[in-house]
Amino acid sequence: MTNHPISRYARLYFQPGGFLASPFGYDGQVARLAGGLHWFTGYEVLIVDGGRRTGSRWVPLTGLEAFLASLTEEQAQAAHETLARIVAPRPPLALGDRRLMLDQPQVMLILNMTPDSFSDGGRHLRDPQAAAASAAAMIAAGAMIVDVGGESTRPGAETVALREEIARVEPVVRALAGQGIPVSIDTRKAGVMEAALDAGAAIVNDVSALCHDPASAALLADRDCPVILMHHQGDPATMQQSPHYEDALIEVYDWLAERIAFAEAAGIARSRIIVDPGIGFGKTLRHNLQLLNGLALFHGLGCPILLGASRKRIIGALSNEAPTDERLGGSIALALHGAQAGVQLLRVHDVPETVQAVRIWRGLRDEALTPRL
């Protein structure tokens with residue numbers, strides 16, 4: 001980090017850091033992250049000027065007031081808004097008759113009703129009732145949401161016709177919702193969203209962040225459900241051919257901020273929006289690592305964060321090209337990395353193992369937060 005002078009034209013990004021296991025003994029020196037289990041002592045302030053990151057500063061909370069006073073009025077106002085979003089508790093997600101608390105990481109099960117998804121394609125496609133039973137078992141194992149998808153978005157995947165995608169997902173969504181299980185529909189198409197919501201889905205997970213189908217925003221503005229906006233570069237057929245960023249972390253953050261603004265302008269309240277940095281969607285290994293190392297920055301958007309890194313290519317790239325069915329250890333490592341950065345939702349294939357890991361992590365946090373007499 002440097003003490004590079006801050007231009008009056010620079011934009012500032014605030015990444016919480018200096019995390020502590022417990023706030024005890026640090027009165028006035030720590031803040032609580034997004035109303036969750038994390039306490040932090042300051043911010044890494046990233047300085048972007050002329051479209052380029054020109055430096056960074058570590059600003060402890062004890063020096064924050066003086067730092068803000070050194071900024072222009074416009075910079076200070078923008079900073080105050082971002083800082084307020086970082087510490088504001090994330091409201092629970094309304095999932096039908098249930099309310100999902102976001103003060104700790106929650107697990108979302110991936111259920112692909114596809115023949116060609118990169119990890120489990122074809123496993124559930126031919127028997128919706130068996131797929132629903134399998135998902136219900138994972139709810140019993142500790143998952144809180146089932147994310148059902150009928151179109152693969154792996155690199156190189158082809159688009160699925162609307163009727164075919166609906167036929168793949170609607171029966172299993174209806175079966176799960178009929179059991180009172182919260183269901184997310186993973187789709188880019190307004191027609192599939194509508195069919196799934198009518199069948200009982202409670203969340204829409206759009207990997208295109210409402211870019212793919214012009215009808216999606218208006219549909220979701222009329223529906224009282226949470227919406228996941230995921231960053232991507234290109235489309236599934238081309239996204240991994242030559243992804244390019246000058247600064248992946250800053251560009252993904254700005255892109256998600258723009259999509260949040262778009263959704264709000266369409267009538268979707270920010271309180272209903274979840275953001276996903278899109279690990280593996282139009283990113284190289286280095287881009288993915290930059291995003292993972294900067295996950296805490298996304299709290300500045302004021303929305304819950306979803307991390308979907310389970311079994312992805314990054315794990316194989318870092319572990320001797322391990323195939324998808326041998327990436328459990330890496331998947332858990334990334335899930336715990338997300339939990340440590342304050343991520344609220346973990347989208348995974350391996351529910352019992354991830355839930356167990358998160359429970360151990362949570363137990364360590366709870367012990368540290370227990371006052372000592």
# chains A, B, ... in the order shown; residues from 1 in each chain; ligands from 1

$ residues_around --residues "Ile274 of chain A" --least-positions-apart "2" --cutoff "12 Å" --atoms "only C-alpha atoms" --output "PyMOL selection string"
chain A and resi 90-93+102+203-207+209+225-231+256-257+259-260+263+268-272+276-277+298-299+301-307+343-346

$ residues_around --residues "segment 42-47 of chain A" --least-positions-apart "6" --cutoff "12 Å" --atoms "only C-alpha atoms" --output "compact mmCIF listing (two decimals) with N, CA and C atoms, in the first residue's frame"
# COMPACT_ATOMS: atom_id res chain seq x y z
N MET A 1 0.83 -1.19 0.00
CA MET A 1 0.00 0.00 0.00
C MET A 1 0.87 1.25 0.00
N THR A 2 0.34 2.33 -0.56
CA THR A 2 1.10 3.56 -0.65
C THR A 2 0.27 4.71 -0.10
N ASN A 3 0.94 5.82 0.14
CA ASN A 3 0.25 7.06 0.50
C ASN A 3 0.23 7.99 -0.70
N HIS A 4 -0.08 7.42 -1.84
CA HIS A 4 -0.17 8.18 -3.08
C HIS A 4 -1.17 9.32 -2.87
N PRO A 5 -0.83 10.55 -3.30
CA PRO A 5 -1.76 11.66 -3.16
C PRO A 5 -3.08 11.36 -3.86
N ILE A 6 -4.16 11.81 -3.25
CA ILE A 6 -5.48 11.56 -3.81
C ILE A 6 -5.94 12.77 -4.61
N SER A 7 -6.10 12.59 -5.89
CA SER A 7 -6.58 13.66 -6.76
C SER A 7 -8.03 13.97 -6.44
N ARG A 8 -8.40 15.22 -6.65
CA ARG A 8 -9.79 15.61 -6.42
C ARG A 8 -10.74 14.92 -7.39
N TYR A 9 -10.20 14.35 -8.46
CA TYR A 9 -11.02 13.66 -9.45
C TYR A 9 -11.06 12.14 -9.23
N ALA A 10 -10.32 11.66 -8.24
CA ALA A 10 -10.24 10.22 -8.01
C ALA A 10 -11.53 9.67 -7.43
N ARG A 11 -11.80 8.42 -7.78
CA ARG A 11 -12.88 7.67 -7.15
C ARG A 11 -12.27 6.72 -6.12
N LEU A 12 -12.96 6.56 -4.99
CA LEU A 12 -12.43 5.77 -3.89
C LEU A 12 -13.31 4.55 -3.63
N TYR A 13 -12.66 3.43 -3.37
CA TYR A 13 -13.34 2.17 -3.09
C TYR A 13 -12.87 1.67 -1.73
N PHE A 14 -13.80 1.22 -0.91
CA PHE A 14 -13.48 0.89 0.49
C PHE A 14 -13.64 -0.61 0.71
N GLN A 15 -12.52 -1.27 1.02
CA GLN A 15 -12.54 -2.70 1.29
C GLN A 15 -12.28 -2.93 2.78
N PRO A 16 -13.29 -3.43 3.52
CA PRO A 16 -13.07 -3.69 4.94
C PRO A 16 -11.93 -4.67 5.16
N GLY A 17 -11.16 -4.46 6.20
CA GLY A 17 -10.04 -5.34 6.48
C GLY A 17 -9.65 -5.28 7.95
N GLY A 18 -8.59 -5.98 8.28
CA GLY A 18 -8.17 -6.06 9.67
C GLY A 18 -9.21 -6.76 10.52
N PHE A 19 -9.67 -7.91 10.05
CA PHE A 19 -10.75 -8.61 10.74
C PHE A 19 -10.26 -9.18 12.07
N LEU A 20 -11.16 -9.16 13.06
CA LEU A 20 -10.88 -9.71 14.39
C LEU A 20 -11.90 -10.79 14.70
N GLY A 28 -14.58 1.33 20.18
CA GLY A 28 -14.31 2.47 19.33
C GLY A 28 -13.31 2.22 18.23
N GLN A 29 -12.73 1.01 18.19
CA GLN A 29 -11.71 0.73 17.19
C GLN A 29 -12.17 -0.28 16.14
N VAL A 30 -13.38 -0.83 16.30
CA VAL A 30 -13.87 -1.84 15.37
C VAL A 30 -15.29 -1.51 14.95
N ALA A 31 -15.69 -2.09 13.84
CA ALA A 31 -17.06 -1.96 13.34
C ALA A 31 -17.55 -3.34 12.91
N ARG A 32 -18.86 -3.50 12.88
CA ARG A 32 -19.47 -4.78 12.51
C ARG A 32 -19.80 -4.76 11.02
N LEU A 33 -19.45 -5.83 10.33
CA LEU A 33 -19.62 -5.90 8.89
C LEU A 33 -21.02 -6.41 8.53
N ARG A 53 -6.26 2.22 -11.39
CA ARG A 53 -5.97 2.22 -9.96
C ARG A 53 -4.58 2.80 -9.76
N THR A 54 -4.49 3.90 -9.03
CA THR A 54 -3.23 4.61 -8.88
C THR A 54 -2.58 4.41 -7.51
N GLY A 55 -3.28 3.78 -6.59
CA GLY A 55 -2.69 3.57 -5.28
C GLY A 55 -3.72 3.07 -4.30
N SER A 56 -3.29 2.90 -3.06
CA SER A 56 -4.19 2.48 -2.00
C SER A 56 -3.65 2.99 -0.67
N ARG A 57 -4.54 3.08 0.30
CA ARG A 57 -4.16 3.49 1.66
C ARG A 57 -4.88 2.63 2.66
N TRP A 58 -4.19 2.31 3.73
CA TRP A 58 -4.84 1.67 4.86
C TRP A 58 -5.32 2.76 5.81
N VAL A 59 -6.60 2.78 6.08
CA VAL A 59 -7.17 3.78 6.97
C VAL A 59 -7.85 3.07 8.14
N PRO A 60 -7.26 3.11 9.34
CA PRO A 60 -7.92 2.49 10.49
C PRO A 60 -9.17 3.27 10.87
N LEU A 61 -10.11 2.61 11.52
CA LEU A 61 -11.33 3.29 11.91
C LEU A 61 -11.05 4.49 12.81
N THR A 62 -10.00 4.38 13.58
CA THR A 62 -9.66 5.50 14.47
C THR A 62 -9.18 6.73 13.69
N GLY A 63 -8.76 6.54 12.44
CA GLY A 63 -8.33 7.67 11.62
C GLY A 63 -9.28 8.00 10.49
N LEU A 64 -10.46 7.37 10.50
CA LEU A 64 -11.38 7.53 9.39
C LEU A 64 -11.93 8.95 9.29
N GLU A 65 -12.29 9.52 10.39
CA GLU A 65 -12.86 10.87 10.36
C GLU A 65 -11.88 11.87 9.76
N PHE A 67 -9.44 11.18 7.73
CA PHE A 67 -9.27 10.87 6.31
C PHE A 67 -10.41 11.46 5.49
N LEU A 68 -11.63 11.28 5.94
CA LEU A 68 -12.78 11.81 5.20
C LEU A 68 -12.74 13.33 5.13
N GLN A 75 -16.31 13.66 -2.90
CA GLN A 75 -15.70 12.39 -2.51
C GLN A 75 -16.18 11.96 -1.13
N ALA A 79 -18.19 8.62 -0.11
CA ALA A 79 -17.58 7.73 0.87
C ALA A 79 -18.56 7.43 2.01
N THR A 82 -21.08 4.88 0.88
CA THR A 82 -20.52 3.53 0.79
C THR A 82 -20.28 2.94 2.17
N LEU A 83 -19.72 3.71 3.07
CA LEU A 83 -19.43 3.22 4.42
C LEU A 83 -20.70 2.83 5.15
N ILE A 86 -21.76 -0.56 3.94
CA ILE A 86 -20.89 -1.65 4.39
C ILE A 86 -21.32 -2.18 5.75
N VAL A 87 -21.70 -1.31 6.65
CA VAL A 87 -22.03 -1.75 8.01
C VAL A 87 -23.52 -2.03 8.21
N ASP A 247 -8.62 -3.97 -14.77
CA ASP A 247 -8.61 -4.16 -13.32
C ASP A 247 -9.88 -4.93 -12.98
N LEU A 249 -11.18 -6.47 -10.39
CA LEU A 249 -11.94 -6.19 -9.17
C LEU A 249 -12.75 -4.91 -9.31
N ILE A 250 -12.13 -3.85 -9.77
CA ILE A 250 -12.82 -2.57 -9.89
C ILE A 250 -13.88 -2.63 -10.99
N GLY A 294 -10.51 -9.96 -3.24
CA GLY A 294 -11.16 -8.68 -2.98
C GLY A 294 -12.63 -8.80 -2.65
N ALA A 296 -14.41 -8.79 -0.01
CA ALA A 296 -14.99 -7.87 0.98
C ALA A 296 -15.33 -6.52 0.38
N LEU A 297 -14.71 -6.16 -0.75
CA LEU A 297 -15.03 -4.88 -1.38
C LEU A 297 -16.50 -4.80 -1.75
N HIS A 299 -19.13 -5.61 -0.33
CA HIS A 299 -20.06 -5.16 0.70
C HIS A 299 -20.43 -3.69 0.51
N GLY A 300 -19.58 -2.94 -0.19
CA GLY A 300 -19.87 -1.54 -0.44
C GLY A 300 -21.07 -1.33 -1.34

$ select_by_dssp --residues "segment 196-272 of chain A" --states "strand (DSSP E or B)" --output "list in words"
Ile203, Val204, Asn205, Asp206, Val227, Ile228, Leu229 and Met230 of chain A

$ select_by_dssp --residues "segment 262-369 of chain A" --states "helix (DSSP H, G or I)" --output "ChimeraX atom specification"
/A:262-265,270-272,285-293,295-301,313-318,324-326,328-340,351-368

$ closest_residue --among "A:Ala94, A:Ile314, A:Leu109, A:Ala177" --to "Leu289 of chain A" --atoms "only C-alpha atoms"
A:Ile314

$ residues_around --residues "segment 360-362 of chain A" --least-positions-apart "2" --cutoff "10 Å" --atoms "only C-alpha atoms" --output "list of chain:residue names"
A:Leu37, A:Gln104, A:Pro105, A:Leu336, A:Ala339, A:Gln340, A:Thr354, A:Val355, A:Gln356, A:Ala357, A:Val358, A:Leu364, A:Arg365, A:Asp366, A:Glu367, A:Ala368

$ atom_distance --atom1 "atom CA of Ala141 of chain A" --atom2 "atom CA of Leu197 of chain A"
24.8 Å

$ residues_around --residues "Ser242 of chain A" --least-positions-apart "4" --cutoff "12 Å" --atoms "only C-alpha atoms" --output "ChimeraX atom specification"
/A:155,233-235,237-238,281-284,287

$ closest_residue --among "A:Ala34, A:Val192, A:Ala335, A:Ala135" --to "Asn112 of chain A" --atoms "only C-alpha atoms"
A:Ala135

$ atom_distance --atom1 "atom CA of Arg99 of chain A" --atom2 "atom CA of Val169 of chain A"
23.7 Å

$ atom_distance --atom1 "atom CA of Ile110 of chain A" --atom2 "atom CA of Arg223 of chain A"
23.0 Å

$ closest_residue --among "A:His212, A:Pro128, A:Ala218, A:Asn288" --to "Pro243 of chain A" --atoms "only C-alpha atoms"
A:Asn288

$ closest_residue --among "A:Ala137, A:Val146, A:Leu295, A:Leu369" --to "Ala21 of chain A" --atoms "only C-alpha atoms"
A:Leu369

$ residues_around --residues "Arg286 of chain A" --least-positions-apart "6" --cutoff "12 Å" --atoms "only C-alpha atoms" --output "PyMOL selection string"
chain A and resi 243-249+279-280+292-293+313-314+317-318

$ write_last_selection --atoms "N, CA, C and O atoms" --output "mmCIF file, in the first residue's frame"
data_model
loop_
_atom_site.group_PDB
_atom_site.id
_atom_site.type_symbol
_atom_site.label_atom_id
_atom_site.label_comp_id
_atom_site.auth_asym_id
_atom_site.auth_seq_id
_atom_site.Cartn_x
_atom_site.Cartn_y
_atom_site.Cartn_z
ATOM 1 N N PRO A 243 -11.182 -13.459 -22.244
ATOM 2 C CA PRO A 243 -11.636 -12.444 -21.285
ATOM 3 C C PRO A 243 -10.531 -11.441 -20.986
ATOM 4 O O PRO A 243 -9.357 -11.812 -20.861
ATOM 5 N N HIS A 244 -10.914 -10.166 -20.869
ATOM 6 C CA HIS A 244 -9.915 -9.113 -20.664
ATOM 7 C C HIS A 244 -10.466 -8.060 -19.705
ATOM 8 O O HIS A 244 -11.628 -7.652 -19.809
ATOM 9 N N TYR A 245 -9.636 -7.636 -18.775
ATOM 10 C CA TYR A 245 -9.944 -6.546 -17.849
ATOM 11 C C TYR A 245 -8.660 -5.750 -17.622
ATOM 12 O O TYR A 245 -7.576 -6.333 -17.558
ATOM 13 N N GLU A 246 -8.798 -4.463 -17.470
ATOM 14 C CA GLU A 246 -7.675 -3.661 -17.002
ATOM 15 C C GLU A 246 -7.495 -3.855 -15.500
ATOM 16 O O GLU A 246 -6.372 -3.904 -14.987
ATOM 17 N N ASP A 247 -8.621 -3.967 -14.770
ATOM 18 C CA ASP A 247 -8.605 -4.161 -13.320
ATOM 19 C C ASP A 247 -9.879 -4.927 -12.982
ATOM 20 O O ASP A 247 -10.953 -4.345 -12.848
ATOM 21 N N ALA A 248 -9.775 -6.249 -12.878
ATOM 22 C CA ALA A 248 -10.970 -7.083 -12.746
ATOM 23 C C ALA A 248 -11.805 -6.701 -11.534
ATOM 24 O O ALA A 248 -13.036 -6.606 -11.629
ATOM 25 N N LEU A 249 -11.175 -6.470 -10.391
ATOM 26 C CA LEU A 249 -11.937 -6.188 -9.173
ATOM 27 C C LEU A 249 -12.752 -4.910 -9.312
ATOM 28 O O LEU A 249 -13.959 -4.885 -9.024
ATOM 29 N N ILE A 279 -17.613 -15.870 -10.456
ATOM 30 C CA ILE A 279 -16.355 -16.601 -10.591
ATOM 31 C C ILE A 279 -16.462 -17.564 -11.786
ATOM 32 O O ILE A 279 -17.396 -18.357 -11.878
ATOM 33 N N GLY A 280 -15.499 -17.458 -12.699
ATOM 34 C CA GLY A 280 -15.453 -18.355 -13.838
ATOM 35 C C GLY A 280 -16.267 -17.933 -15.044
ATOM 36 O O GLY A 280 -16.206 -18.592 -16.082
ATOM 37 N N LEU A 292 -11.597 -13.080 -5.752
ATOM 38 C CA LEU A 292 -11.687 -13.789 -4.477
ATOM 39 C C LEU A 292 -10.916 -13.067 -3.386
ATOM 40 O O LEU A 292 -11.371 -12.975 -2.240
ATOM 41 N N ASN A 293 -9.748 -12.522 -3.720
ATOM 42 C CA ASN A 293 -8.978 -11.779 -2.727
ATOM 43 C C ASN A 293 -9.633 -10.448 -2.369
ATOM 44 O O ASN A 293 -9.350 -9.891 -1.310
ATOM 45 N N ARG A 313 -13.311 -24.406 -12.377
ATOM 46 C CA ARG A 313 -12.029 -24.606 -13.051
ATOM 47 C C ARG A 313 -10.855 -24.060 -12.248
ATOM 48 O O ARG A 313 -9.745 -24.606 -12.316
ATOM 49 N N ILE A 314 -11.075 -23.018 -11.470
ATOM 50 C CA ILE A 314 -10.003 -22.435 -10.669
ATOM 51 C C ILE A 314 -9.388 -23.476 -9.744
ATOM 52 O O ILE A 314 -8.174 -23.470 -9.497
ATOM 53 N N ALA A 317 -7.145 -25.703 -11.762
ATOM 54 C CA ALA A 317 -5.952 -24.964 -12.175
ATOM 55 C C ALA A 317 -4.936 -24.848 -11.053
ATOM 56 O O ALA A 317 -3.725 -24.762 -11.308
ATOM 57 N N LEU A 318 -5.393 -24.859 -9.814
ATOM 58 C CA LEU A 318 -4.494 -24.705 -8.669
ATOM 59 C C LEU A 318 -4.130 -26.040 -8.017
ATOM 60 O O LEU A 318 -3.375 -26.056 -7.046
#
